[in-house]
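Below is my_file.pdb, which holds PDB, C-alpha atoms.
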```
MODEL        1
ATOM      1  CA  MET A 251    -127.181  67.291  -9.010
ATOM      2  CA  VAL A 252    -128.842  64.007  -8.156
ATOM      3  CA  MET A 253    -128.937  62.941 -11.770
ATOM      4  CA  ALA A 254    -125.234  63.843 -12.259
ATOM      5  CA  ALA A 255    -124.214  61.859  -9.186
ATOM      6  CA  SER A 256    -126.209  58.816 -10.284
ATOM      7  CA  ALA A 257    -124.697  58.995 -13.776
ATOM      8  CA  GLU A 258    -121.189  59.149 -12.306
ATOM      9  CA  SER A 259    -121.900  56.183 -10.021
ATOM     10  CA  ILE A 260    -123.082  54.173 -13.011
ATOM     11  CA  ALA A 261    -120.120  55.144 -15.238
ATOM     12  CA  VAL A 262    -117.439  54.055 -12.755
ATOM     13  CA  PRO A 263    -118.583  50.417 -12.433
ATOM     14  CA  GLN A 264    -118.820  50.203 -16.206
ATOM     15  CA  SER A 265    -115.238  51.460 -16.521
ATOM     16  CA  ASP A 266    -114.018  48.984 -13.905
ATOM     17  CA  GLU A 267    -115.872  46.149 -15.625
ATOM     18  CA  THR A 268    -114.360  47.035 -18.994
ATOM     19  CA  ARG A 269    -110.887  47.192 -17.496
ATOM     20  CA  ALA A 270    -111.343  43.850 -15.739
ATOM     21  CA  ARG A 271    -112.559  42.280 -18.987
ATOM     22  CA  ARG A 272    -109.558  43.692 -20.864
ATOM     23  CA  ASP A 273    -107.120  42.505 -18.194
ATOM     24  CA  GLY A 274    -108.683  39.054 -18.179
ATOM     25  CA  PHE A 275    -108.347  38.805 -21.953
ATOM     26  CA  ALA A 276    -104.700  39.942 -21.797
ATOM     27  CA  ASP A 277    -103.939  37.416 -19.076
ATOM     28  CA  ARG A 278    -105.526  34.565 -21.040
ATOM     29  CA  LEU A 279    -103.625  35.622 -24.162
ATOM     30  CA  PHE A 280    -100.359  35.724 -22.221
ATOM     31  CA  ARG A 281    -100.987  32.266 -20.777
ATOM     32  CA  ARG A 282    -101.681  30.852 -24.241
ATOM     33  CA  ILE A 283     -98.539  32.430 -25.688
ATOM     34  CA  VAL A 284     -96.215  31.058 -23.005
ATOM     35  CA  ALA A 285     -98.000  27.694 -23.122
ATOM     36  CA  GLY A 286     -97.460  27.681 -26.876
ATOM     37  CA  ALA A 287     -93.747  28.337 -26.316
ATOM     38  CA  GLY A 288     -93.531  25.355 -23.980
ATOM     39  CA  ILE A 289     -95.465  23.132 -26.368
ATOM     40  CA  PHE A 290     -93.202  24.294 -29.211
ATOM     41  CA  VAL A 291     -90.171  22.976 -27.331
ATOM     42  CA  LEU A 292     -91.815  19.586 -26.789
ATOM     43  CA  ALA A 293     -93.022  19.460 -30.385
ATOM     44  CA  THR A 294     -89.568  20.304 -31.692
ATOM     45  CA  LEU A 295     -87.991  17.630 -29.499
ATOM     46  CA  ALA A 296     -90.481  15.017 -30.634
ATOM     47  CA  GLY A 297     -90.157  16.152 -34.248
ATOM     48  CA  VAL A 298     -86.373  15.764 -34.250
ATOM     49  CA  ALA A 299     -86.574  12.329 -32.650
ATOM     50  CA  LEU A 300     -89.304  11.036 -34.957
ATOM     51  CA  THR A 301     -87.695  12.500 -38.068
ATOM     52  CA  THR A 302     -84.332  10.865 -37.426
ATOM     53  CA  LEU A 303     -86.022   7.612 -36.420
ATOM     54  CA  TRP A 304     -88.082   7.611 -39.605
ATOM     55  CA  GLY A 305     -85.051   8.498 -41.731
ATOM     56  CA  GLY A 306     -83.048   5.625 -40.244
ATOM     57  CA  ARG A 307     -85.856   3.089 -40.336
ATOM     58  CA  GLU A 308     -84.269   1.150 -43.202
ATOM     59  CA  ALA A 309     -81.046   0.657 -41.230
ATOM     60  CA  PHE A 310     -82.926  -0.511 -38.142
ATOM     61  CA  ALA A 311     -85.129  -2.792 -40.241
ATOM     62  CA  THR A 312     -82.160  -4.275 -42.115
ATOM     63  CA  PHE A 313     -79.695  -4.777 -39.272
ATOM     64  CA  GLY A 314     -81.995  -4.771 -36.249
ATOM     65  CA  PHE A 315     -80.341  -4.634 -32.843
ATOM     66  CA  LYS A 316     -77.072  -5.679 -34.503
ATOM     67  CA  PHE A 317     -76.769  -2.112 -35.750
ATOM     68  CA  VAL A 318     -76.238  -0.923 -32.170
ATOM     69  CA  VAL A 319     -73.818  -3.664 -31.026
ATOM     70  CA  SER A 320     -71.812  -4.174 -34.215
ATOM     71  CA  SER A 321     -68.596  -2.328 -35.068
ATOM     72  CA  ASP A 322     -68.716  -3.176 -38.789
ATOM     73  CA  TRP A 323     -68.654  -0.207 -41.158
ATOM     74  CA  ASP A 324     -68.204  -1.494 -44.700
ATOM     75  CA  THR A 325     -69.459   1.005 -47.252
ATOM     76  CA  VAL A 326     -68.695  -1.360 -50.155
ATOM     77  CA  GLY A 327     -70.360  -4.419 -48.661
ATOM     78  CA  LYS A 328     -73.130  -2.233 -47.171
ATOM     79  CA  GLN A 329     -72.674  -3.542 -43.653
ATOM     80  CA  PHE A 330     -73.011  -0.892 -40.981
ATOM     81  CA  GLY A 331     -72.783  -0.841 -37.201
ATOM     82  CA  ALA A 332     -72.876   2.021 -34.722
ATOM     83  CA  LEU A 333     -70.808   0.627 -31.858
ATOM     84  CA  ALA A 334     -67.479   2.227 -32.826
ATOM     85  CA  PRO A 335     -68.887   5.773 -33.259
ATOM     86  CA  VAL A 336     -70.962   5.487 -30.077
ATOM     87  CA  TYR A 337     -67.923   4.243 -28.163
ATOM     88  CA  GLY A 338     -65.754   7.057 -29.502
ATOM     89  CA  THR A 339     -68.389   9.653 -28.617
ATOM     90  CA  LEU A 340     -68.707   8.464 -25.024
ATOM     91  CA  VAL A 341     -64.955   8.034 -24.467
ATOM     92  CA  THR A 342     -63.966  11.456 -25.814
ATOM     93  CA  ALA A 343     -66.743  13.132 -23.815
ATOM     94  CA  ALA A 344     -65.634  11.297 -20.655
ATOM     95  CA  ILE A 345     -62.015  12.392 -21.170
ATOM     96  CA  ALA A 346     -63.187  15.956 -21.688
ATOM     97  CA  LEU A 347     -65.136  15.950 -18.423
ATOM     98  CA  ILE A 348     -62.321  14.331 -16.432
ATOM     99  CA  ILE A 349     -60.042  17.175 -17.497
ATOM    100  CA  ALA A 350     -62.526  20.047 -17.640
ATOM    101  CA  VAL A 351     -64.338  19.673 -14.312
ATOM    102  CA  PRO A 352     -61.363  20.131 -11.932
ATOM    103  CA  VAL A 353     -59.850  22.856 -14.132
ATOM    104  CA  SER A 354     -63.183  24.698 -14.276
ATOM    105  CA  PHE A 355     -63.583  24.382 -10.520
ATOM    106  CA  GLY A 356     -60.117  25.851 -10.038
ATOM    107  CA  ILE A 357     -60.839  28.748 -12.391
ATOM    108  CA  ALA A 358     -64.148  29.568 -10.724
ATOM    109  CA  LEU A 359     -62.667  29.289  -7.241
ATOM    110  CA  TYR A 360     -59.727  31.504  -8.175
ATOM    111  CA  LEU A 361     -61.954  34.189  -9.671
ATOM    112  CA  THR A 362     -64.369  34.274  -6.727
ATOM    113  CA  GLU A 363     -62.098  33.718  -3.742
ATOM    114  CA  ILE A 364     -58.432  34.321  -4.531
ATOM    115  CA  ALA A 365     -57.870  36.596  -7.528
ATOM    116  CA  PRO A 366     -57.373  40.319  -6.822
ATOM    117  CA  PRO A 367     -60.289  42.499  -7.932
ATOM    118  CA  TRP A 368     -58.338  44.111 -10.774
ATOM    119  CA  LEU A 369     -57.657  40.698 -12.344
ATOM    120  CA  ARG A 370     -61.130  39.159 -12.069
ATOM    121  CA  THR A 371     -62.786  41.120 -14.866
ATOM    122  CA  PRO A 372     -60.079  40.499 -17.536
ATOM    123  CA  VAL A 373     -59.909  36.765 -16.770
ATOM    124  CA  ALA A 374     -63.704  36.439 -16.806
ATOM    125  CA  ALA A 375     -63.814  38.290 -20.133
ATOM    126  CA  ALA A 376     -61.164  35.955 -21.543
ATOM    127  CA  ILE A 377     -63.208  32.928 -20.507
ATOM    128  CA  GLU A 378     -66.297  34.332 -22.209
ATOM    129  CA  LEU A 379     -64.211  35.008 -25.317
ATOM    130  CA  LEU A 380     -63.041  31.393 -25.375
ATOM    131  CA  ALA A 381     -66.674  30.268 -25.170
ATOM    132  CA  GLY A 382     -67.498  32.328 -28.254
ATOM    133  CA  ILE A 383     -64.737  30.949 -30.490
ATOM    134  CA  PRO A 384     -66.209  28.744 -33.278
ATOM    135  CA  SER A 385     -65.493  25.049 -32.945
ATOM    136  CA  ILE A 386     -63.799  24.876 -36.328
ATOM    137  CA  ILE A 387     -61.086  27.208 -34.991
ATOM    138  CA  TYR A 388     -60.435  24.778 -32.161
ATOM    139  CA  GLY A 389     -60.312  21.960 -34.690
ATOM    140  CA  MET A 390     -57.788  23.700 -36.932
ATOM    141  CA  TRP A 391     -55.666  24.678 -33.938
ATOM    142  CA  GLY A 392     -55.818  21.104 -32.707
ATOM    143  CA  LEU A 393     -54.807  19.662 -36.076
ATOM    144  CA  PHE A 394     -51.940  22.006 -36.915
ATOM    145  CA  VAL A 395     -50.585  22.791 -33.436
ATOM    146  CA  PHE A 396     -51.730  20.265 -30.850
ATOM    147  CA  VAL A 397     -51.628  17.041 -32.896
ATOM    148  CA  PRO A 398     -47.874  17.399 -33.693
ATOM    149  CA  ILE A 399     -47.171  17.987 -29.995
ATOM    150  CA  MET A 400     -49.126  14.873 -29.069
ATOM    151  CA  GLY A 401     -47.484  12.764 -31.773
ATOM    152  CA  ARG A 402     -43.899  13.838 -31.074
ATOM    153  CA  HIS A 403     -43.867  14.218 -27.315
ATOM    154  CA  LEU A 404     -46.860  13.274 -25.150
ATOM    155  CA  ASN A 405     -48.089  10.083 -26.864
ATOM    156  CA  PRO A 406     -44.607   8.472 -27.107
ATOM    157  CA  TRP A 407     -43.952   9.322 -23.456
ATOM    158  CA  LEU A 408     -47.271   7.798 -22.361
ATOM    159  CA  ASN A 409     -46.675   4.714 -24.471
ATOM    160  CA  GLU A 410     -43.160   4.256 -23.115
ATOM    161  CA  HIS A 411     -43.918   4.792 -19.433
ATOM    162  CA  LEU A 412     -47.516   3.594 -18.964
ATOM    163  CA  SER A 413     -48.159   0.868 -21.558
ATOM    164  CA  GLY A 414     -46.597  -1.793 -19.327
ATOM    165  CA  TRP A 415     -48.797  -1.085 -16.322
ATOM    166  CA  PRO A 416     -51.185  -3.943 -15.427
ATOM    167  CA  VAL A 417     -54.478  -2.019 -15.341
ATOM    168  CA  VAL A 418     -54.139   1.162 -17.387
ATOM    169  CA  GLY A 419     -51.482  -0.134 -19.766
ATOM    170  CA  ALA A 420     -53.994  -1.001 -22.487
ATOM    171  CA  LEU A 421     -55.199   2.608 -22.510
ATOM    172  CA  PHE A 422     -51.778   3.954 -23.456
ATOM    173  CA  SER A 423     -50.452   1.330 -25.850
ATOM    174  CA  GLY A 424     -50.780   1.069 -29.598
ATOM    175  CA  THR A 425     -49.009   1.153 -32.910
ATOM    176  CA  GLN A 426     -50.237   4.451 -34.373
ATOM    177  CA  TYR A 427     -49.695   6.735 -31.396
ATOM    178  CA  SER A 428     -46.979   8.712 -33.167
ATOM    179  CA  ILE A 429     -49.390  10.330 -35.641
ATOM    180  CA  GLY A 430     -50.975  12.312 -32.801
ATOM    181  CA  LEU A 431     -54.566  11.719 -33.884
ATOM    182  CA  GLY A 432     -56.672   9.773 -31.427
ATOM    183  CA  MET A 433     -59.302   9.775 -28.724
ATOM    184  CA  LEU A 434     -57.008  11.302 -26.096
ATOM    185  CA  THR A 435     -56.212  14.214 -28.404
ATOM    186  CA  ALA A 436     -59.892  14.717 -29.196
ATOM    187  CA  GLY A 437     -60.792  14.534 -25.514
ATOM    188  CA  ILE A 438     -58.239  17.194 -24.586
ATOM    189  CA  VAL A 439     -59.448  19.519 -27.354
ATOM    190  CA  LEU A 440     -63.033  18.968 -26.205
ATOM    191  CA  ALA A 441     -61.998  19.751 -22.644
ATOM    192  CA  ILE A 442     -60.511  23.059 -23.776
ATOM    193  CA  MET A 443     -63.808  23.817 -25.525
ATOM    194  CA  VAL A 444     -66.121  23.025 -22.606
ATOM    195  CA  ILE A 445     -63.993  24.570 -19.849
ATOM    196  CA  PRO A 446     -65.321  28.097 -20.575
ATOM    197  CA  PHE A 447     -68.933  26.917 -20.296
ATOM    198  CA  ILE A 448     -68.518  24.955 -17.075
ATOM    199  CA  SER A 449     -66.261  27.530 -15.411
ATOM    200  CA  SER A 450     -68.635  30.377 -16.285
ATOM    201  CA  VAL A 451     -71.568  28.539 -14.689
ATOM    202  CA  MET A 452     -69.511  27.667 -11.622
ATOM    203  CA  ARG A 453     -68.291  31.238 -11.247
ATOM    204  CA  GLU A 454     -71.806  32.663 -11.422
ATOM    205  CA  VAL A 455     -73.213  30.224  -8.864
ATOM    206  CA  PHE A 456     -70.223  30.649  -6.539
ATOM    207  CA  LEU A 457     -70.992  34.368  -6.466
ATOM    208  CA  THR A 458     -74.477  33.591  -5.090
ATOM    209  CA  VAL A 459     -73.066  32.152  -1.854
ATOM    210  CA  PRO A 460     -73.853  34.614   0.975
ATOM    211  CA  THR A 461     -70.740  36.462   2.085
ATOM    212  CA  ARG A 462     -71.639  36.011   5.761
ATOM    213  CA  LEU A 463     -71.344  32.219   5.441
ATOM    214  CA  LYS A 464     -67.818  32.420   4.063
ATOM    215  CA  GLU A 465     -66.752  35.124   6.507
ATOM    216  CA  SER A 466     -68.056  33.039   9.396
ATOM    217  CA  ALA A 467     -65.995  30.063   8.228
ATOM    218  CA  TYR A 468     -62.886  32.202   7.847
ATOM    219  CA  ALA A 469     -63.479  33.636  11.324
ATOM    220  CA  LEU A 470     -63.467  30.104  12.745
ATOM    221  CA  GLY A 471     -60.054  29.498  11.211
ATOM    222  CA  SER A 472     -61.019  27.686   7.985
ATOM    223  CA  THR A 473     -58.634  27.801   5.047
ATOM    224  CA  THR A 474     -59.676  28.838   1.547
ATOM    225  CA  TRP A 475     -59.853  25.193   0.489
ATOM    226  CA  GLU A 476     -62.021  24.298   3.479
ATOM    227  CA  VAL A 477     -64.379  27.179   2.741
ATOM    228  CA  ALA A 478     -64.634  26.116  -0.896
ATOM    229  CA  TRP A 479     -65.159  22.428  -0.098
ATOM    230  CA  ASP A 480     -67.378  22.720   2.995
ATOM    231  CA  ILE A 481     -69.305  25.938   2.324
ATOM    232  CA  VAL A 482     -69.273  27.039  -1.303
ATOM    233  CA  LEU A 483     -69.575  23.667  -3.030
ATOM    234  CA  PRO A 484     -72.385  22.229  -0.853
ATOM    235  CA  TYR A 485     -74.351  25.479  -1.159
ATOM    236  CA  THR A 486     -74.120  25.453  -4.977
ATOM    237  CA  ARG A 487     -73.963  21.699  -5.579
ATOM    238  CA  THR A 488     -77.133  21.438  -7.637
ATOM    239  CA  ALA A 489     -76.234  24.286  -9.979
ATOM    240  CA  VAL A 490     -72.653  23.030 -10.343
ATOM    241  CA  ILE A 491     -73.833  19.595 -11.438
ATOM    242  CA  GLY A 492     -76.201  21.249 -13.901
ATOM    243  CA  GLY A 493     -73.293  23.211 -15.377
ATOM    244  CA  ILE A 494     -71.191  20.063 -15.658
ATOM    245  CA  PHE A 495     -73.886  18.234 -17.575
ATOM    246  CA  LEU A 496     -74.356  21.298 -19.774
ATOM    247  CA  GLY A 497     -70.705  20.950 -20.739
ATOM    248  CA  LEU A 498     -71.181  17.214 -21.250
ATOM    249  CA  GLY A 499     -74.026  17.891 -23.665
ATOM    250  CA  ARG A 500     -71.730  20.196 -25.632
ATOM    251  CA  ALA A 501     -68.992  17.561 -25.699
ATOM    252  CA  LEU A 502     -71.326  14.792 -26.883
ATOM    253  CA  GLY A 503     -72.593  16.767 -29.848
ATOM    254  CA  GLU A 504     -69.382  18.489 -30.960
ATOM    255  CA  THR A 505     -68.610  17.886 -34.620
ATOM    256  CA  MET A 506     -65.966  19.990 -36.337
ATOM    257  CA  ALA A 507     -63.274  20.056 -33.654
ATOM    258  CA  VAL A 508     -63.521  16.294 -33.136
ATOM    259  CA  THR A 509     -63.528  15.628 -36.873
ATOM    260  CA  PHE A 510     -60.154  17.329 -37.260
ATOM    261  CA  VAL A 511     -58.286  15.499 -34.477
ATOM    262  CA  LEU A 512     -59.989  12.139 -33.860
ATOM    263  CA  GLY A 513     -58.618  10.247 -36.853
ATOM    264  CA  ASN A 514     -61.984   9.094 -38.251
ATOM    265  CA  VAL A 515     -61.253   5.361 -38.179
ATOM    266  CA  HIS A 516     -64.111   2.895 -37.639
ATOM    267  CA  ARG A 517     -62.378   0.630 -35.168
ATOM    268  CA  LEU A 518     -62.812  -0.361 -31.551
ATOM    269  CA  SER A 519     -59.665   0.019 -29.491
ATOM    270  CA  LEU A 520     -59.038   0.325 -25.778
ATOM    271  CA  SER A 521     -56.027   2.520 -26.473
ATOM    272  CA  LEU A 522     -56.704   6.231 -26.109
ATOM    273  CA  LEU A 523     -53.718   6.955 -28.338
ATOM    274  CA  GLU A 524     -55.196   5.210 -31.374
ATOM    275  CA  PRO A 525     -57.438   6.955 -33.934
ATOM    276  CA  GLY A 526     -61.167   6.454 -33.527
ATOM    277  CA  ASN A 527     -64.449   7.961 -34.589
ATOM    278  CA  SER A 528     -67.554   9.597 -33.166
ATOM    279  CA  ILE A 529     -71.156   9.841 -34.249
ATOM    280  CA  ALA A 530     -71.011  13.503 -35.188
ATOM    281  CA  ALA A 531     -67.698  13.128 -37.042
ATOM    282  CA  THR A 532     -68.981  10.100 -38.970
ATOM    283  CA  ILE A 533     -72.076  11.973 -40.141
ATOM    284  CA  ALA A 534     -70.080  15.072 -41.108
ATOM    285  CA  ASN A 535     -67.443  13.109 -43.016
ATOM    286  CA  GLU A 536     -69.565  10.576 -44.855
ATOM    287  CA  PHE A 537     -73.010  12.040 -45.472
ATOM    288  CA  ALA A 538     -71.968  13.638 -48.781
ATOM    289  CA  GLU A 539     -70.528  10.289 -49.909
ATOM    290  CA  ALA A 540     -73.592   8.212 -49.052
ATOM    291  CA  ASP A 541     -74.271   6.594 -52.432
ATOM    292  CA  SER A 542     -77.027   4.206 -51.384
ATOM    293  CA  GLU A 543     -80.227   4.305 -49.407
ATOM    294  CA  ILE A 544     -78.947   1.953 -46.724
ATOM    295  CA  PHE A 545     -75.785   4.046 -46.305
ATOM    296  CA  ARG A 546     -77.810   7.229 -45.921
ATOM    297  CA  ALA A 547     -80.286   5.544 -43.591
ATOM    298  CA  SER A 548     -77.413   4.267 -41.431
ATOM    299  CA  LEU A 549     -76.051   7.782 -41.021
ATOM    300  CA  ILE A 550     -79.469   9.125 -40.073
ATOM    301  CA  ALA A 551     -79.856   6.222 -37.646
ATOM    302  CA  LEU A 552     -76.550   7.328 -36.090
ATOM    303  CA  ALA A 553     -78.067  10.774 -35.639
ATOM    304  CA  PHE A 554     -81.015   9.194 -33.827
ATOM    305  CA  LEU A 555     -78.647   7.256 -31.555
ATOM    306  CA  LEU A 556     -76.775  10.473 -30.746
ATOM    307  CA  PHE A 557     -80.107  12.046 -29.836
ATOM    308  CA  VAL A 558     -80.929   9.068 -27.608
ATOM    309  CA  VAL A 559     -77.517   9.085 -25.906
ATOM    310  CA  THR A 560     -77.712  12.812 -25.208
ATOM    311  CA  PHE A 561     -81.295  12.502 -23.958
ATOM    312  CA  ILE A 562     -80.357   9.661 -21.607
ATOM    313  CA  VAL A 563     -77.378  11.572 -20.205
ATOM    314  CA  LEU A 564     -79.411  14.721 -19.584
ATOM    315  CA  ALA A 565     -82.280  12.694 -18.109
ATOM    316  CA  ILE A 566     -79.846  11.079 -15.667
ATOM    317  CA  ALA A 567     -78.602  14.548 -14.750
ATOM    318  CA  LYS A 568     -82.156  15.703 -14.100
ATOM    319  CA  LEU A 569     -82.889  12.699 -11.902
ATOM    320  CA  MET A 570     -79.706  13.308  -9.938
ATOM    321  CA  LEU A 571     -80.677  16.925  -9.365
ATOM    322  CA  ARG A 572     -84.143  15.913  -8.185
ATOM    323  CA  GLN A 573     -82.712  13.391  -5.736
ATOM    324  CA  MET A 574     -80.335  16.001  -4.382
ATOM    325  CA  GLU A 575     -83.180  18.497  -3.965
ATOM    326  CA  LYS A 576     -85.201  15.901  -2.054
ATOM    327  CA  LYS A 577     -82.285  15.201   0.273
ATOM    328  CA  GLU A 578     -81.878  18.909   0.882
ATOM    329  CA  GLY A 579     -85.566  19.167   1.767
ATOM    330  CA  LYS A 580     -86.547  21.521  -1.034
TER     331      LYS A 580
ENDMDL
END
```
Reformat the file's structure so that it appears as structure tokens.
Amino acid sequence: MVMAASAESIAVPQSDETRARRDGFADRLFRRIVAGAGIFVLATLAGVALTTLWGGREAFATFGFKFVVSSDWDTVGKQFGALAPVYGTLVTAAIALIIAVPVSFGIALYLTEIAPPWLRTPVAAAIELLAGIPSIIYGMWGLFVFVPIMGRHLNPWLNEHLSGWPVVGALFSGTQYSIGLGMLTAGIVLAIMVIPFISSVMREVFLTVPTRLKESAYALGSTTWEVAWDIVLPYTRTAVIGGIFLGLGRALGETMAVTFVLGNVHRLSLSLLEPGNSIAATIANEFAEADSEIFRASLIALAFLLFVVTFIVLAIAKLMLRQMEKKEGK
């Protein structure tokens, strides 16, 4: 009996030690796997940046800083500048956000605060369906349906009624507005594309607001707008801004839809009704026709600039979110 008890007392510590050793090994393995996943993201990011920078080195070496500030794009004379595509990318993305943010806020507010319960699920499903539609479908719809509407109705009306205004007149004047292709058209199509993403994020974060906060505001006599502006939006401000910049990232990198409706003209123009170009559309349209090393290098350099622009925009968004978290005491 004594020997059996001593054997059992010895066996239990050995079992516990083996289990602790196995758990420690599993924990170290798990840490290495998730660390590897994080490092993979950083390595991929650095790899994309360095690859495009290396591929466009000839353009940067040939044109220098002039490549960034010049609007020349002469494939015959082999003179290339990125200013027009960069300008078109930023302008169309800005138009998309100006339209998409208030519309997305209205959709999210309607679904969370106003819509009857039987209508919320179908509308939310429709928004998710819009988010899943391929961009080329939006581009074809924009070219065959929306561009004629812009060229026959909206652009002439804007040119007739707003081109003479002292400040915004230059934005709505031009000579080619009747064709319907242009930065305003591309911006509206982009807005339609990013609305599902931004509104879905807003809807999800609006649902996280505690019901007691909203009910307390309603009990004090607040209207729906006051609850949304003073309770819901401040409570979810950080996540809402993150969703907006997520949509902005989608708008900056969109290719096919913009290629169909932008006009693909390498020209700087203040008019939103005139055709323009973007970085993604330029690469998609002209990469197959790049018949020289400097032409190909210039297109790859454009890809690097698009990477830089997107990185800067998202970095600004991250800094804004950090500042807001500091002010909120988090």
> Using all atoms listed in the file, which residue out of A:Val373, A:Ile399, A:Ile383, A:Met452 lies closest to Pro352 (chain A)?
Replying inline: A:Met452
> Care to translate the PyMOL selection byres ((chain A and resi 335) around 9) into actual residues of this file, as a list in words?
Replying inline: Ser321, Gly331, Ala332, Leu333, Ala334, Val336, Tyr337, Gly338, Thr339, Leu340, His516, Arg517, Leu518, Gly526, Asn527, Ser528, Ile529, Ala530, Ala531, Thr532 and Leu552 of chain A
Write out, as an mmCIF file, in the coordinates of the input, the residues just selected, with C-alpha atoms.
```
data_model
loop_
_atom_site.group_PDB
_atom_site.id
_atom_site.type_symbol
_atom_site.label_atom_id
_atom_site.label_comp_id
_atom_site.auth_asym_id
_atom_site.auth_seq_id
_atom_site.Cartn_x
_atom_site.Cartn_y
_atom_site.Cartn_z
ATOM 1 C CA SER A 321 -68.596 -2.328 -35.068
ATOM 2 C CA GLY A 331 -72.783 -0.841 -37.201
ATOM 3 C CA ALA A 332 -72.876 2.021 -34.722
ATOM 4 C CA LEU A 333 -70.808 0.627 -31.858
ATOM 5 C CA ALA A 334 -67.479 2.227 -32.826
ATOM 6 C CA VAL A 336 -70.962 5.487 -30.077
ATOM 7 C CA TYR A 337 -67.923 4.243 -28.163
ATOM 8 C CA GLY A 338 -65.754 7.057 -29.502
ATOM 9 C CA THR A 339 -68.389 9.653 -28.617
ATOM 10 C CA LEU A 340 -68.707 8.464 -25.024
ATOM 11 C CA HIS A 516 -64.111 2.895 -37.639
ATOM 12 C CA ARG A 517 -62.378 0.630 -35.168
ATOM 13 C CA LEU A 518 -62.812 -0.361 -31.551
ATOM 14 C CA GLY A 526 -61.167 6.454 -33.527
ATOM 15 C CA ASN A 527 -64.449 7.961 -34.589
ATOM 16 C CA SER A 528 -67.554 9.597 -33.166
ATOM 17 C CA ILE A 529 -71.156 9.841 -34.249
ATOM 18 C CA ALA A 530 -71.011 13.503 -35.188
ATOM 19 C CA ALA A 531 -67.698 13.128 -37.042
ATOM 20 C CA THR A 532 -68.981 10.100 -38.970
ATOM 21 C CA LEU A 552 -76.550 7.328 -36.090
#
```
>> Could you check the closest approach to Glu536 (chain A) for each of A:Leu369, A:Leu549, A:Leu295, A:Leu463 and tell me which residue wins, using all atoms listed in the file?
In response: A:Leu549
>> Assuming the chain letters and numbering stay as they are in my file, what does the PyMOL selection byres ((chain A and resi 409-426) around 9) actually select? List them as a PyMOL selection string.
In response: chain A and resi 404-408+427-432+519-525
>> List as number ranges by chain the residues having at least one atom at most 8 Å from position (-66.7, 22.9, -19.4) as given in the file, counting all atoms listed in the file.
In response: A: 347, 350-351, 354, 441-449, 493-494, 496-498
With C-alpha atoms retained, write the just-selected residues as an mmCIF file, in the frame of the given file.
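Result written to selection_17.cif:
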```cif
data_model
loop_
_atom_site.group_PDB
_atom_site.id
_atom_site.type_symbol
_atom_site.label_atom_id
_atom_site.label_comp_id
_atom_site.auth_asym_id
_atom_site.auth_seq_id
_atom_site.Cartn_x
_atom_site.Cartn_y
_atom_site.Cartn_z
ATOM 1 C CA LEU A 347 -65.136 15.950 -18.423
ATOM 2 C CA ALA A 350 -62.526 20.047 -17.640
ATOM 3 C CA VAL A 351 -64.338 19.673 -14.312
ATOM 4 C CA SER A 354 -63.183 24.698 -14.276
ATOM 5 C CA ALA A 441 -61.998 19.751 -22.644
ATOM 6 C CA ILE A 442 -60.511 23.059 -23.776
ATOM 7 C CA MET A 443 -63.808 23.817 -25.525
ATOM 8 C CA VAL A 444 -66.121 23.025 -22.606
ATOM 9 C CA ILE A 445 -63.993 24.570 -19.849
ATOM 10 C CA PRO A 446 -65.321 28.097 -20.575
ATOM 11 C CA PHE A 447 -68.933 26.917 -20.296
ATOM 12 C CA ILE A 448 -68.518 24.955 -17.075
ATOM 13 C CA SER A 449 -66.261 27.530 -15.411
ATOM 14 C CA GLY A 493 -73.293 23.211 -15.377
ATOM 15 C CA ILE A 494 -71.191 20.063 -15.658
ATOM 16 C CA LEU A 496 -74.356 21.298 -19.774
ATOM 17 C CA GLY A 497 -70.705 20.950 -20.739
ATOM 18 C CA LEU A 498 -71.181 17.214 -21.250
#
```
>> What would the selection look like, as number ranges by chain, if the PyMOL selection byres ((chain A and resi 557) around 10) were run on the coordinates I just shared?
In response: A: 295, 298-299, 302-303, 502-503, 551-556, 558-562
> Between A:Ala381, A:Phe330, A:Asp480, A:Trp368, which one has atoms that come closest to Phe315 (chain A), using all atoms listed in the file?
Replying inline: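 Smallest separation from Phe315 (chain A) among the options: A:Phe330.
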> At what distance in Å, to one decimal, does CA of Pro367 (chain A) lie from CA of Arg462 (chain A)?
Replying inline: 18.9 Å
> Distance CA of Leu434 (chain A)-CA of Val341 (chain A), one decimal place?
Replying inline: 8.7 Å
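Among A:Gly471, A:Ile533, A:Ala343, A:Gly401, the residue with the shortest atom-to-atom distance to Met506 (chain A), counting only C-alpha atoms, is A:Ile533.
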>> What's the separation between CA of Ala287 (chain A) and CA of Lys568 (chain A), in Å to one decimal place?
In response: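 One can read the CA of Ala287 (chain A) to CA of Lys568 (chain A) distance as 21.1 Å.
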>> Just checking: using all atoms listed in the file, which residue out of A:Val511, A:Val319, A:Leu564, A:Leu571 ends up closest to Pro398 (chain A)?
In response: A:Val511
Kindly compute an axis-aligned box around the listed atoms of region 469-483 of chain A, allowing 8 Å on each side, and express its centre and edge lengths in Å to one decimal as AutoDock Vina command-line options.
```
--center_x -64.1 --center_y 28.0 --center_z 4.9 --size_x 26.9 --size_y 27.2 --size_z 31.8
```
> Out of A:Glu363, A:Glu543, A:Glu476, A:Asp273, which residue has the shortest atom-to-atom distance to Phe456 (chain A) when counting only C-alpha atoms?
Replying inline: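 When distances to Phe456 (chain A) are compared using only C-alpha atoms, the smallest one comes from A:Glu363.
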